[in-house]
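Q: Take this structure, written in structure tokens, and hold onto it; I'll ask about it next.
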Amino acid sequence: MSYAPQDFRFLHPLRVRWSEVDMQKIVFNAHYLMYLDTAMGAYWRELALPYADTMASLAGDLFVKKATLEYHAPALYDELLQVGLRLESIGNSSVRYAGAVFRNGALLVSAELIYVFADPASRTSRQVPTALRKVLSDFEAGTPMIETVTGPWQALGESITPLRNSVFVNEQKISPALVYDDADESAVHAAVVNGLGLVVSSGRLLVHAPGTGRIGRMATDPTLRGQGLARRVLHALMNASKQRGDSSIVLHAQTSAAGFYRKEGFEPVGPEFEEAGIAHQEMEFRWP
């Protein structure tokens, strides 16, 4: 099968590592399956679907049924490749993808990948869930995979809670008593929601002082960080602050995230300090 990069909506960049080159000084043939598998992980991130949580919510998992490769030309050490994946069809229990590996637009490997949706315990096939069918088909049709929403805790709290628990309680080991407070009830909340209705990034806006907003509880699913989701939440909260007439915004940034807020126009205020056992930096943004 012959493909060109423009045949794929999804293309993942990947550089050949030294350990992947064989004695002929070309990429060992089996590594191309690993390249496709690596790209598939990036594909799920592009869909804003944390793979493990998504499959748990669907009570199933995807198992490889068939993988075929056709080799056209070799890749060499340190070359920058592009790995394309495209949904071809969805059957009753199967999902079929076309795959390809390119170098500077030239086709190196073409592939067919077939997955079966199955019960993770018995590994017996199950019908591909309607919600998953829709997300996969919508992506190929160019439909946005995420939506940014704002609202009160009464409307969004139930959906935000699993993410907060995952990030603050489980990952950062912060006491739930410090993660939830009465301020949630009066805050403006922002959330990025994926195609399955799962919140994958969120934050809140409080009144810090007259004319000053305060942003906090910023959290993003660990597997989807670096996808611009937190920026969407931050911008939604900043817009809400501006619309209600605030002239400035403050926040307590974990020092590891201070660079992110600097890029968005926030400046450090005072020395670093510890909060909930984690180093923080107070930062401020002023509307021009």
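Naming scheme: A, B, ... for chains in displayed order of the structure tokens; residues 1 onward per chain; ligands 1 onward as shown.
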Find the residues near A:Arg17: any atom within 12 Å, counting only C-alpha atoms, skip ones fewer than 3 places away on the same chain, and give them as a list in words.

A: Leu14, Glu20, Val21, Asp22, Lys25, Ile26, Val27, Phe28, His31, Tyr35, Ala75, Leu76, Tyr77, Asp78, Glu79, Leu80 and Leu81 of chain A

Q: Can you list, as a JSON list (two decimals) with all heavy atoms, in the first residue's frame, every protein, DNA or RNA residue that comes within 8 Å of A:Pro5 when you count only C-alpha atoms, leaving out same-chain residues fewer than 4 positions away?

A:
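Okay, this is what ended up in around_28.json:
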[["chain", "number", "residue", "atom", "x", "y", "z"],
["A", 11, "LEU", "N", 0.10, 12.67, 12.59],
["A", 11, "LEU", "CA", 1.50, 12.33, 12.31],
["A", 11, "LEU", "C", 2.32, 12.60, 13.57],
["A", 11, "LEU", "O", 2.26, 13.70, 14.13],
["A", 11, "LEU", "CB", 2.05, 13.15, 11.15],
["A", 11, "LEU", "CG", 1.52, 12.81, 9.75],
["A", 11, "LEU", "CD1", 1.83, 13.94, 8.78],
["A", 11, "LEU", "CD2", 2.13, 11.50, 9.26],
["A", 84, "GLY", "N", 2.49, 7.96, 10.82],
["A", 84, "GLY", "CA", 1.09, 8.32, 10.62],
["A", 84, "GLY", "C", 0.16, 7.19, 11.01],
["A", 84, "GLY", "O", 0.47, 6.02, 10.81],
["A", 102, "PHE", "N", 7.34, 7.66, 7.60],
["A", 102, "PHE", "CA", 7.91, 8.50, 6.54],
["A", 102, "PHE", "C", 9.22, 9.13, 6.99],
["A", 102, "PHE", "O", 9.46, 9.37, 8.18],
["A", 102, "PHE", "CB", 6.93, 9.64, 6.20],
["A", 102, "PHE", "CG", 5.57, 9.20, 5.75],
["A", 102, "PHE", "CD1", 4.50, 9.16, 6.65],
["A", 102, "PHE", "CD2", 5.35, 8.83, 4.44],
["A", 102, "PHE", "CE1", 3.24, 8.77, 6.24],
["A", 102, "PHE", "CE2", 4.08, 8.43, 4.02],
["A", 102, "PHE", "CZ", 3.03, 8.40, 4.92],
["A", 105, "GLY", "N", 8.89, 12.85, 3.85],
["A", 105, "GLY", "CA", 7.79, 12.61, 2.93],
["A", 105, "GLY", "C", 7.86, 11.30, 2.18],
["A", 105, "GLY", "O", 6.89, 10.90, 1.54]]

Q: What are the closest atom pairs, with distances in Å to one decimal, for each residue of stretch 224-254 of chain A lying within 10 Å of stretch 171-192 of chain A, using only C-alpha atoms, rows by chain and rising residue number, as JSON lines?

A:
{"residue": "A:Leu229", "atom": "CA", "partner": "A:Val192", "partner_atom": "CA", "distance": 6.8}
{"residue": "A:Ala230", "atom": "CA", "partner": "A:Val192", "partner_atom": "CA", "distance": 8.4}
{"residue": "A:Arg232", "atom": "CA", "partner": "A:Val192", "partner_atom": "CA", "distance": 7.4}
{"residue": "A:Val233", "atom": "CA", "partner": "A:Ala190", "partner_atom": "CA", "distance": 5.7}
{"residue": "A:Leu234", "atom": "CA", "partner": "A:Ala190", "partner_atom": "CA", "distance": 8.1}
{"residue": "A:His235", "atom": "CA", "partner": "A:Ala190", "partner_atom": "CA", "distance": 9.3}
{"residue": "A:Ala236", "atom": "CA", "partner": "A:Ala190", "partner_atom": "CA", "distance": 6.5}
{"residue": "A:Leu237", "atom": "CA", "partner": "A:Ala190", "partner_atom": "CA", "distance": 6.4}
{"residue": "A:Ala240", "atom": "CA", "partner": "A:Val188", "partner_atom": "CA", "distance": 7.8}
{"residue": "A:Ser241", "atom": "CA", "partner": "A:Val188", "partner_atom": "CA", "distance": 9.1}

Q: I'd like the neighbourhood of A:Phe273 as a ChimeraX atom specification, where a residue qualifies if any of its atoms comes within 12 Å (using only C-alpha atoms), though same-chain residues fewer than 2 positions away should be ignored.

A: /A:252-255,268-271,275-283

Q: As a ChimeraX atom specification, please: every residue in stretch 23-195 of chain A that a backbone DSSP assignment puts in alpha helix (DSSP H).

A: /A:31-46,51-58,130-140,153-164,176-179

Q: May I ask which of the residues A:Ala39, A:Val207, A:Ala59, A:Met218 is the closest one to A:Phe10, counting only C-alpha atoms?

A: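 Closest to A:Phe10, using only C-alpha atoms: A:Ala39.
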
Q: Just the number, please: distance in Å from atom CA of A:Val83 to atom CA of A:Leu58, one decimal.

A: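 The value is 27.3 Å.
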
Q: For each of A:Ser137, A:Asn170, A:Thr161, A:Gln6, take the minimum atom-to-atom distance to A:Ala106, counting only C-alpha atoms, then give the residue where this is smallest.

A: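 Among A:Ser137, A:Asn170, A:Thr161, A:Gln6, it is A:Gln6 that comes nearest to A:Ala106.
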
Q: For atom CA of A:Asn194 and atom CA of A:Pro50, quote the distance in Å rounded to one decimal.

A: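 The value is 9.7 Å.
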
Q: Just checking: using only C-alpha atoms, which residue out of A:Leu113, A:Leu163, A:Leu108, A:Val135 ends up closest to A:Glu88?

A: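 Using only C-alpha atoms, A:Glu88 sits closest to A:Leu113.
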
Q: Mind the document's chain letters and residue numbers, and return as JSON, numbers by chain the residues of stretch 30-274 of chain A that DSSP labels strand (DSSP E).

A: {"A": [61, 62, 63, 64, 65, 66, 67, 68, 69, 70, 71, 80, 81, 82, 83, 84, 85, 86, 87, 88, 89, 90, 94, 95, 96, 97, 98, 99, 100, 101, 102, 103, 106, 107, 108, 109, 110, 111, 112, 113, 114, 115, 116, 117, 118, 146, 147, 148, 149, 150, 151, 188, 189, 190, 191, 192, 193, 194, 199, 200, 201, 202, 203, 204, 205, 206, 207, 208, 209, 212, 213, 214, 215, 216, 217, 218, 219, 220, 248, 249, 250, 251, 252, 253, 254, 267, 268, 273, 274]}
